[in-house]
Amino acid sequence: MFKRLMLSAAAASLLAMPAMASGGHDKVKIGFVTTITTGAGIIGKDMVDALNLAMDDMGGKMGGLEVDLIVEDDGFKPGIGKQKTDKLIKQDDVHFITGYLWSHVLLASRKTALDSGKFLISSNAGPSQLAGKLCHKNFFSTSWQNDQTPMAMGEVLNKKGIKSIYVMAPNYAAGKNMVAGVERTFKGKIVGKDMTKWGKDAQLDFSAELAKAKASGAGAIFIFYPGKAGGAFIKQYQQAGLQGKIPLYSVFTVDSIALPKLQKGKLNGVLGSLNTQFWGPDLDTPQNKKFVSGFRKKYGRYPSFYAAQSYDMMYLIKSAVEAVKGDMHNQDGLRAAMEKANFPSVRGKFSYGNNHFPIQNFYLRKVVKDADGNWTTTIVDTVFKNHQDTYASLCKL
Amino acid sequence: MDWGLLITQVLNGMQLGVLLFLLASGLTLVFGIMDFVNLAHGSLYMMGAFFCATLTEWTGSFVLAAFLALPLTALVGLAVEIIVVRKLYRRDHLDHVLATFGLILVFDTAVQFIWGPAGTAIPLPEWLDGRVEILPNIEFPTFRLLIIATGLVVAIALYWIVTHTRTGMLIRAGASNRTMVSALGIDIGKLFLGLFALGAVLAGLAGLMIAPITEASIGMGNEIIIVAFVVIIIGGIGSIKGAFVAALLVGLIDTMGRSFLDSFLKLFMSIQNAETSAPAISAMMIYILMAAVLAFRPQGLFPPKGR
């Protein structure tokens with residue numbers, strides 16, 4: 001019995017041999033972890049839409065190999081994000097583990113992903129830990145380090161002559177980085193600070209905090225509220241009568257996801273407001289034109305920066321696969337190719353720092369109406385040129 | 001001491017409190033009188049918000065939409081009672097939890113199908129979107145005042161129904177001794193159906209009142225339902241009066257914690273420690289209160305008589 005089993009197993013493996021030889025690595029497998037469910041699912045959808053657009057633009061192939069894209073939902077929870085990372089490694093055996101909308105999810109999944117020897121590419125979260133002490137040769141970012149965008153905003157506040165600000169952000173890894181970022185560059189006084197509850201049961205009613213901000217007499221309010229919290233905040237800011245009294249400056253809050261909803265809710269106060277970002281839908285680069293027009297054509301709306309970073313991530317991988325001529329075993333070759341950042345990026349040419357975070361420009365953007373009356377942002381100034389994050393010096397790569 | 005800020009925060013706390021009361025009053029009736037654990041109460045809260053959002057879009061008037069959304073939520077409540085809940089009264093609490101957790105998933109997915117994952121904002125008419133000067137130099141958003149007023153009116157109405165009407169007598173009797181009520185020839189099935197629909201309306205009202213401030217979004221009820229359970233445990237299960245007092249208490253404690261705890265902690269802590277620990281402690285305070293109530297007065301502050 002045992003012998004027969006062995007024989008048939010051997011026969012089966014023989015039969016499978018030719019398929020293995022030609023088909024073992026004729027695919028590039030990309031796992032993508034983001035949030036599909038919960039209220040934050042709208043952001044994940046924007047990212048996945050960008051991936052599908054990139055797949056269309058590439059004809060589903062990278063360097064002649066077929067691309068397998070596996071999307072997983074983290075449910076806005078670090079624990080589930082880690083489980084899904086595990087699944088992508090063990091069950092799907094992907095080459096690239098990518099995505100990560102949230103810093104706390106990325107931090108929870110980091111070790112599992114990197115210990116497996118696979119590449120980990122963040123297309124959004126940029127926690128300080130991964131830029132500094134925990135940097136890794138197999139980790140790359142197609143976004144930014146969390147502190148950079150608020151640092152640019154701090155500079156803008158200085159230029160505007162604002163003497164004091166009231167700071168509000170959600171109480172999690174990225175929220176802390178955002179606050180640290182603006183504190184680092186803003187030269188005035190921080191008269192108050194609130195870190196509010198975040199996650200699946202995030203705080204969305206800011207009545208108490210807005211009352212405090214109003215009483216503080218601050219010259220401006222600085223906020224970081226990605227996703228639906230941002231729209232809720234701006235609405236309440238207006239309802240509380242702060243509009244026109246204390247100007248609002250934000251990072252990662254007023255974007256292509258929040259704006260249509262704000263427009264629908266007729267929150268006109270947000271028109272003309274300023275935010276900083278590494279990118280904008282109107283950024284004048286060939287790849288960005290292709291991306292934004294393609295995205296608008298396919299989905300009928302403006303892409304968000306989340307989408308832009310995800311689109312870039314696909315082209316980064318494509319450039320690496322092409323550089324090693326489809327030899328997915330050549331880890332060192334793939335890494336060396338990615339370090340060159342030699343791909344058409346929506347943000348234009350940029351380079352990678354030692355910690356594999358982009359060294360890139362940061363722009364000041366203003367909310368305007370486009371020709372069709374849709375609310376969008378337009379770039380009005382360059383705040384930082386080729387800016388590198390401050391944690392890069394702590395990275396021993 | 002900044003008195004203006006204190007008054008504003010007390011009002012903010014009351015607004016949160018009455019909102020919790022609207023949600024908790026339905027929950028406490030269903031839990032206390034029907035002995036039914038309804039985790040899906042938050043889904044009815046969500047349905048109220050989404051109905052109101054769509055109707056606002058169709059009719060162009062938030063107030064009209066609100067009045068139309070309430071009977072719709074009642075219909076959903078009736079359907080849930082007849083299709084699912086009715087069959088579970090005789091089972092134990094674990095079955096209630098399992099079935100109503102399933103209902104949450106059904107509702108969340110249904111909303112995703114119908115309204116999409118994005119969530120919907122509800123624009124307010126201009127006369128509600130402004131502010132009222134309640135005292136010289138102290139302004140308060142009109143809509144939040146309306147929430148407080150609505151909550152108080154509902155509280156008075158419920159109190160009157162429960163203490164001065166025949167239905168209220170049945171409700172109170174049901175809370176004290178269900179078996180005896182049915183033995184006296186009261187159609188307990190009908191009473192339960194009515195109560196469940198009333199709970200749904202109250203939850204829907206809470207949902208459509210908060211949606212113009214935040215938005216109507218998937219799972220919005222799953223977060224607040226936990227706090228609503230805390231409220232009914234503190235107040236005493238089955239007691240409207242308890243739900244009212246506990247909801248205001250919880251609303252005020254939560255708001256005051258968020259407002260003043262960090263400055264208080266800074267008196268005897270480093271600024272950095274105070275800033276990091278204040279949000280954590282203020283999020284815990286209502287649970288600490290619940291633990292204290294459970295330890296010293298496990299039946300709640302105002303338990304129904306005869307239990």
# chains A, B, ... in the order shown; residues from 1 in each chain; ligands from 1
call {"tool": "closest_atom_pairs", "arguments": {"of": "chain A", "to": "chain B", "cutoff": "10 Å", "atoms": "only C-alpha atoms", "output": "tab-separated table"}}
result
residue	atom	partner	partner_atom	distance
A:Ile36	CA	B:Pro117	CA	8.8
A:Thr37	CA	B:Pro117	CA	7.8
A:Thr38	CA	B:Ile218	CA	6.5
A:Gly39	CA	B:Ile218	CA	5.9
A:Ala40	CA	B:Ala118	CA	8.1
A:Gly41	CA	B:Pro117	CA	6.4
A:Ile42	CA	B:Ala118	CA	5.3
A:Ile43	CA	B:Ala118	CA	8.8
A:Lys45	CA	B:Pro117	CA	8.9
A:Asn171	CA	B:Pro279	CA	8.0
A:Lys176	CA	B:Thr276	CA	9.8
A:Gly192	CA	B:Ser263	CA	9.9
A:Lys193	CA	B:Glu275	CA	7.8
A:Asp194	CA	B:Glu275	CA	7.8
A:Met195	CA	B:Pro279	CA	6.5
A:Thr196	CA	B:Pro279	CA	6.5
A:Lys197	CA	B:Pro279	CA	7.3
A:Lys200	CA	B:Glu223	CA	7.7
A:Asp201	CA	B:Glu223	CA	5.1
A:Ala202	CA	B:Glu223	CA	8.2
A:Gln203	CA	B:Glu223	CA	9.4
A:Leu204	CA	B:Thr214	CA	6.1
A:Asp205	CA	B:Thr214	CA	6.5
A:Phe206	CA	B:Thr214	CA	9.3
A:Ser207	CA	B:Asn12	CA	6.2
A:Ala208	CA	B:Ser259	CA	5.8
A:Glu209	CA	B:Ser259	CA	6.6
A:Leu210	CA	B:Ser259	CA	9.7
A:Ala211	CA	B:Leu5	CA	6.7
A:Lys212	CA	B:Ser259	CA	6.9
A:Ala213	CA	B:Leu5	CA	10.0
A:Lys214	CA	B:Leu5	CA	8.7
A:Ala215	CA	B:Leu5	CA	6.5
A:Ser216	CA	B:Leu5	CA	9.7
A:Gly227	CA	B:Ala118	CA	9.6
A:Lys228	CA	B:Gly119	CA	8.1
A:Ala229	CA	B:Thr214	CA	7.8
A:Gly230	CA	B:Thr214	CA	9.6
A:Gly231	CA	B:Thr214	CA	7.8
A:Ala232	CA	B:Thr214	CA	4.6
A:Phe233	CA	B:Thr214	CA	7.7
A:Ile234	CA	B:Thr214	CA	9.7
A:Lys235	CA	B:Ile213	CA	6.9
A:Gln236	CA	B:Ile213	CA	6.3
A:Gln238	CA	B:Asp129	CA	8.6
A:Gln239	CA	B:Pro141	CA	5.9
A:Ala240	CA	B:Pro141	CA	5.6
A:Gly241	CA	B:Arg131	CA	7.0
A:Ile257	CA	B:Ala118	CA	8.8
A:Ala258	CA	B:Ala118	CA	9.7
A:Lys261	CA	B:Ala121	CA	6.6
A:Leu262	CA	B:Ala121	CA	7.9
A:Gln263	CA	B:Ala121	CA	9.8
A:Lys264	CA	B:Ala121	CA	7.3
A:Gly265	CA	B:Pro123	CA	4.8
A:Lys266	CA	B:Pro123	CA	6.9
A:Leu267	CA	B:Pro123	CA	8.7
call {"tool": "residues_around", "arguments": {"residues": "region 288-299 of chain A", "least_positions_apart": "4", "cutoff": "12 Å", "atoms": "only C-alpha atoms", "output": "PyMOL selection string"}}
result
chain A and resi 45-57+256+279-284+303-305+307-312+315+344-349
call {"tool": "write_last_selection", "arguments": {"atoms": "C-alpha atoms", "output": "PDB file, in the first residue's frame"}}
result
ATOM      1  CA  LYS A  45     -11.243  51.315  -2.440  1.00  0.00           C
ATOM      2  CA  ASP A  46      -9.408  54.305  -3.891  1.00  0.00           C
ATOM      3  CA  MET A  47      -6.101  52.438  -3.520  1.00  0.00           C
ATOM      4  CA  VAL A  48      -7.417  49.243  -5.095  1.00  0.00           C
ATOM      5  CA  ASP A  49      -8.939  51.238  -7.958  1.00  0.00           C
ATOM      6  CA  ALA A  50      -5.473  52.662  -8.645  1.00  0.00           C
ATOM      7  CA  LEU A  51      -3.948  49.168  -8.638  1.00  0.00           C
ATOM      8  CA  ASN A  52      -6.504  47.990 -11.172  1.00  0.00           C
ATOM      9  CA  LEU A  53      -5.857  51.034 -13.331  1.00  0.00           C
ATOM     10  CA  ALA A  54      -2.126  50.283 -13.219  1.00  0.00           C
ATOM     11  CA  MET A  55      -2.867  46.668 -14.186  1.00  0.00           C
ATOM     12  CA  ASP A  56      -4.893  47.933 -17.158  1.00  0.00           C
ATOM     13  CA  ASP A  57      -2.126  50.318 -18.199  1.00  0.00           C
ATOM     14  CA  SER A 256     -10.168  63.856  -3.139  1.00  0.00           C
ATOM     15  CA  TRP A 279       1.591  65.486  -4.832  1.00  0.00           C
ATOM     16  CA  GLY A 280      -1.575  66.957  -6.322  1.00  0.00           C
ATOM     17  CA  PRO A 281      -3.883  65.929  -9.134  1.00  0.00           C
ATOM     18  CA  ASP A 282      -2.644  68.907 -11.161  1.00  0.00           C
ATOM     19  CA  LEU A 283       1.086  68.219 -10.643  1.00  0.00           C
ATOM     20  CA  ASP A 284       2.674  68.684 -14.062  1.00  0.00           C
ATOM     21  CA  PRO A 303      -7.822  60.150  -7.534  1.00  0.00           C
ATOM     22  CA  SER A 304      -6.585  60.764  -3.997  1.00  0.00           C
ATOM     23  CA  PHE A 305      -2.932  60.754  -2.960  1.00  0.00           C
ATOM     24  CA  ALA A 307      -4.348  56.181  -5.163  1.00  0.00           C
ATOM     25  CA  ALA A 308      -1.303  58.010  -6.564  1.00  0.00           C
ATOM     26  CA  GLN A 309       1.051  56.203  -4.169  1.00  0.00           C
ATOM     27  CA  SER A 310      -0.480  52.827  -4.967  1.00  0.00           C
ATOM     28  CA  TYR A 311      -0.140  53.497  -8.681  1.00  0.00           C
ATOM     29  CA  ASP A 312       3.526  54.417  -8.161  1.00  0.00           C
ATOM     30  CA  TYR A 315       5.449  50.951 -11.414  1.00  0.00           C
ATOM     31  CA  PRO A 344       8.027  57.033 -14.212  1.00  0.00           C
ATOM     32  CA  SER A 345       6.598  58.377 -10.956  1.00  0.00           C
ATOM     33  CA  VAL A 346       3.480  60.539 -10.721  1.00  0.00           C
ATOM     34  CA  ARG A 347       5.572  62.954  -8.628  1.00  0.00           C
ATOM     35  CA  GLY A 348       8.325  63.192 -11.231  1.00  0.00           C
ATOM     36  CA  LYS A 349      11.900  62.071 -10.732  1.00  0.00           C
TER      37      LYS A 349
END
call {"tool": "residues_around", "arguments": {"residues": "region 152-159 of chain A", "least_positions_apart": "4", "cutoff": "9 Å", "atoms": "only C-alpha atoms", "output": "list in words"}}
result
Asp147, Gln148, Lys163, Ile165, Gly181, Val182, Glu183, Arg184, Thr185, Phe186, Lys187, Gly188, Ala220, Phe222, Tyr249, Ser250, Val251, Asn275, Thr276, Gln277, Phe362, Tyr363, Leu364, Val383 and Phe384 of chain A
call {"tool": "select_by_dssp", "arguments": {"residues": "region 50-283 of chain B", "states": "helix (DSSP H, G or I)", "output": "NGL selection string"}}
result
:B and (50-59 or 62-83 or 85-88 or 93-115 or 126-129 or 142-164 or 166-176 or 178-183 or 188-210 or 220-235 or 240-265 or 271-283)
call {"tool": "residues_around", "arguments": {"residues": "Met34 (chain B)", "least_positions_apart": "4", "cutoff": "9 Å", "atoms": "only C-alpha atoms", "output": "list of chain:residue names"}}
result
B:Leu29, B:Val30, B:Tyr89, B:Gly174, B:Ala175, B:Arg178, B:Phe192, B:Leu195, B:Phe196
call {"tool": "select_by_dssp", "arguments": {"residues": "region 88-183 of chain B", "states": "strand (DSSP E)", "output": "PyMOL selection string"}}
result
chain B and resi 131-135+138-141
call {"tool": "decode", "arguments": {"residues": "region 281-306 of chain B", "atoms": "N, CA and C atoms", "output": "mmCIF file, in the first residue's frame"}}
result
data_model
loop_
_atom_site.group_PDB
_atom_site.id
_atom_site.type_symbol
_atom_site.label_atom_id
_atom_site.label_comp_id
_atom_site.auth_asym_id
_atom_site.auth_seq_id
_atom_site.Cartn_x
_atom_site.Cartn_y
_atom_site.Cartn_z
ATOM 1 N N ILE B 281 -7.031 58.067 29.922
ATOM 2 C CA ILE B 281 -7.825 58.044 31.155
ATOM 3 C C ILE B 281 -9.246 58.523 30.881
ATOM 4 N N SER B 282 -9.398 59.579 30.056
ATOM 5 C CA SER B 282 -10.762 60.075 29.843
ATOM 6 C C SER B 282 -11.596 59.053 29.075
ATOM 7 N N ALA B 283 -10.954 58.238 28.234
ATOM 8 C CA ALA B 283 -11.712 57.196 27.539
ATOM 9 C C ALA B 283 -12.144 56.101 28.512
ATOM 10 N N MET B 284 -11.388 55.953 29.610
ATOM 11 C CA MET B 284 -11.680 54.880 30.570
ATOM 12 C C MET B 284 -12.722 55.276 31.603
ATOM 13 N N MET B 285 -12.895 56.588 31.818
ATOM 14 C CA MET B 285 -13.650 57.036 32.996
ATOM 15 C C MET B 285 -15.062 56.471 33.092
ATOM 16 N N ILE B 286 -15.767 56.397 31.941
ATOM 17 C CA ILE B 286 -17.140 55.890 32.032
ATOM 18 C C ILE B 286 -17.147 54.404 32.415
ATOM 19 N N TYR B 287 -16.116 53.691 32.014
ATOM 20 C CA TYR B 287 -16.059 52.269 32.364
ATOM 21 C C TYR B 287 -15.700 52.103 33.839
ATOM 22 N N ILE B 288 -14.869 53.037 34.336
ATOM 23 C CA ILE B 288 -14.554 53.000 35.762
ATOM 24 C C ILE B 288 -15.839 53.242 36.567
ATOM 25 N N LEU B 289 -16.632 54.213 36.092
ATOM 26 C CA LEU B 289 -17.909 54.485 36.758
ATOM 27 C C LEU B 289 -18.794 53.233 36.749
ATOM 28 N N MET B 290 -18.833 52.558 35.591
ATOM 29 C CA MET B 290 -19.663 51.358 35.492
ATOM 30 C C MET B 290 -19.160 50.283 36.462
ATOM 31 N N ALA B 291 -17.858 50.128 36.525
ATOM 32 C CA ALA B 291 -17.295 49.124 37.430
ATOM 33 C C ALA B 291 -17.659 49.454 38.873
ATOM 34 N N ALA B 292 -17.599 50.753 39.202
ATOM 35 C CA ALA B 292 -17.926 51.165 40.566
ATOM 36 C C ALA B 292 -19.393 50.870 40.863
ATOM 37 N N VAL B 293 -20.264 51.175 39.903
ATOM 38 C CA VAL B 293 -21.692 50.906 40.105
ATOM 39 C C VAL B 293 -21.921 49.408 40.290
ATOM 40 N N LEU B 294 -21.263 48.614 39.449
ATOM 41 C CA LEU B 294 -21.439 47.158 39.548
ATOM 42 C C LEU B 294 -20.937 46.626 40.883
ATOM 43 N N ALA B 295 -19.886 47.257 41.417
ATOM 44 C CA ALA B 295 -19.322 46.772 42.669
ATOM 45 C C ALA B 295 -20.200 47.144 43.851
ATOM 46 N N PHE B 296 -20.718 48.379 43.858
ATOM 47 C CA PHE B 296 -21.415 48.849 45.048
ATOM 48 C C PHE B 296 -22.934 48.812 44.932
ATOM 49 N N ARG B 297 -23.443 48.824 43.727
ATOM 50 C CA ARG B 297 -24.899 48.825 43.541
ATOM 51 C C ARG B 297 -25.212 48.080 42.260
ATOM 52 N N PRO B 298 -25.028 46.759 42.271
ATOM 53 C CA PRO B 298 -25.089 45.983 41.036
ATOM 54 C C PRO B 298 -26.423 46.081 40.313
ATOM 55 N N GLN B 299 -27.484 46.444 40.997
ATOM 56 C CA GLN B 299 -28.782 46.537 40.319
ATOM 57 C C GLN B 299 -28.910 47.853 39.554
ATOM 58 N N GLY B 300 -27.895 48.738 39.638
ATOM 59 C CA GLY B 300 -27.952 50.026 38.956
ATOM 60 C C GLY B 300 -28.490 51.106 39.868
ATOM 61 N N LEU B 301 -28.425 52.362 39.407
ATOM 62 C CA LEU B 301 -28.814 53.477 40.278
ATOM 63 C C LEU B 301 -30.319 53.503 40.545
ATOM 64 N N PHE B 302 -31.124 53.254 39.502
ATOM 65 C CA PHE B 302 -32.581 53.311 39.671
ATOM 66 C C PHE B 302 -33.230 52.044 39.118
ATOM 67 N N PRO B 303 -33.070 50.920 39.797
ATOM 68 C CA PRO B 303 -33.639 49.685 39.249
ATOM 69 C C PRO B 303 -35.166 49.725 39.317
ATOM 70 N N PRO B 304 -35.868 49.072 38.362
ATOM 71 C CA PRO B 304 -37.331 48.999 38.453
ATOM 72 C C PRO B 304 -37.723 48.242 39.714
ATOM 73 N N LYS B 305 -38.870 48.634 40.257
ATOM 74 C CA LYS B 305 -39.297 47.995 41.514
ATOM 75 C C LYS B 305 -39.698 46.536 41.289
ATOM 76 N N GLY B 306 -39.544 45.748 42.336
ATOM 77 C CA GLY B 306 -40.055 44.381 42.299
ATOM 78 C C GLY B 306 -39.138 43.389 41.631
#
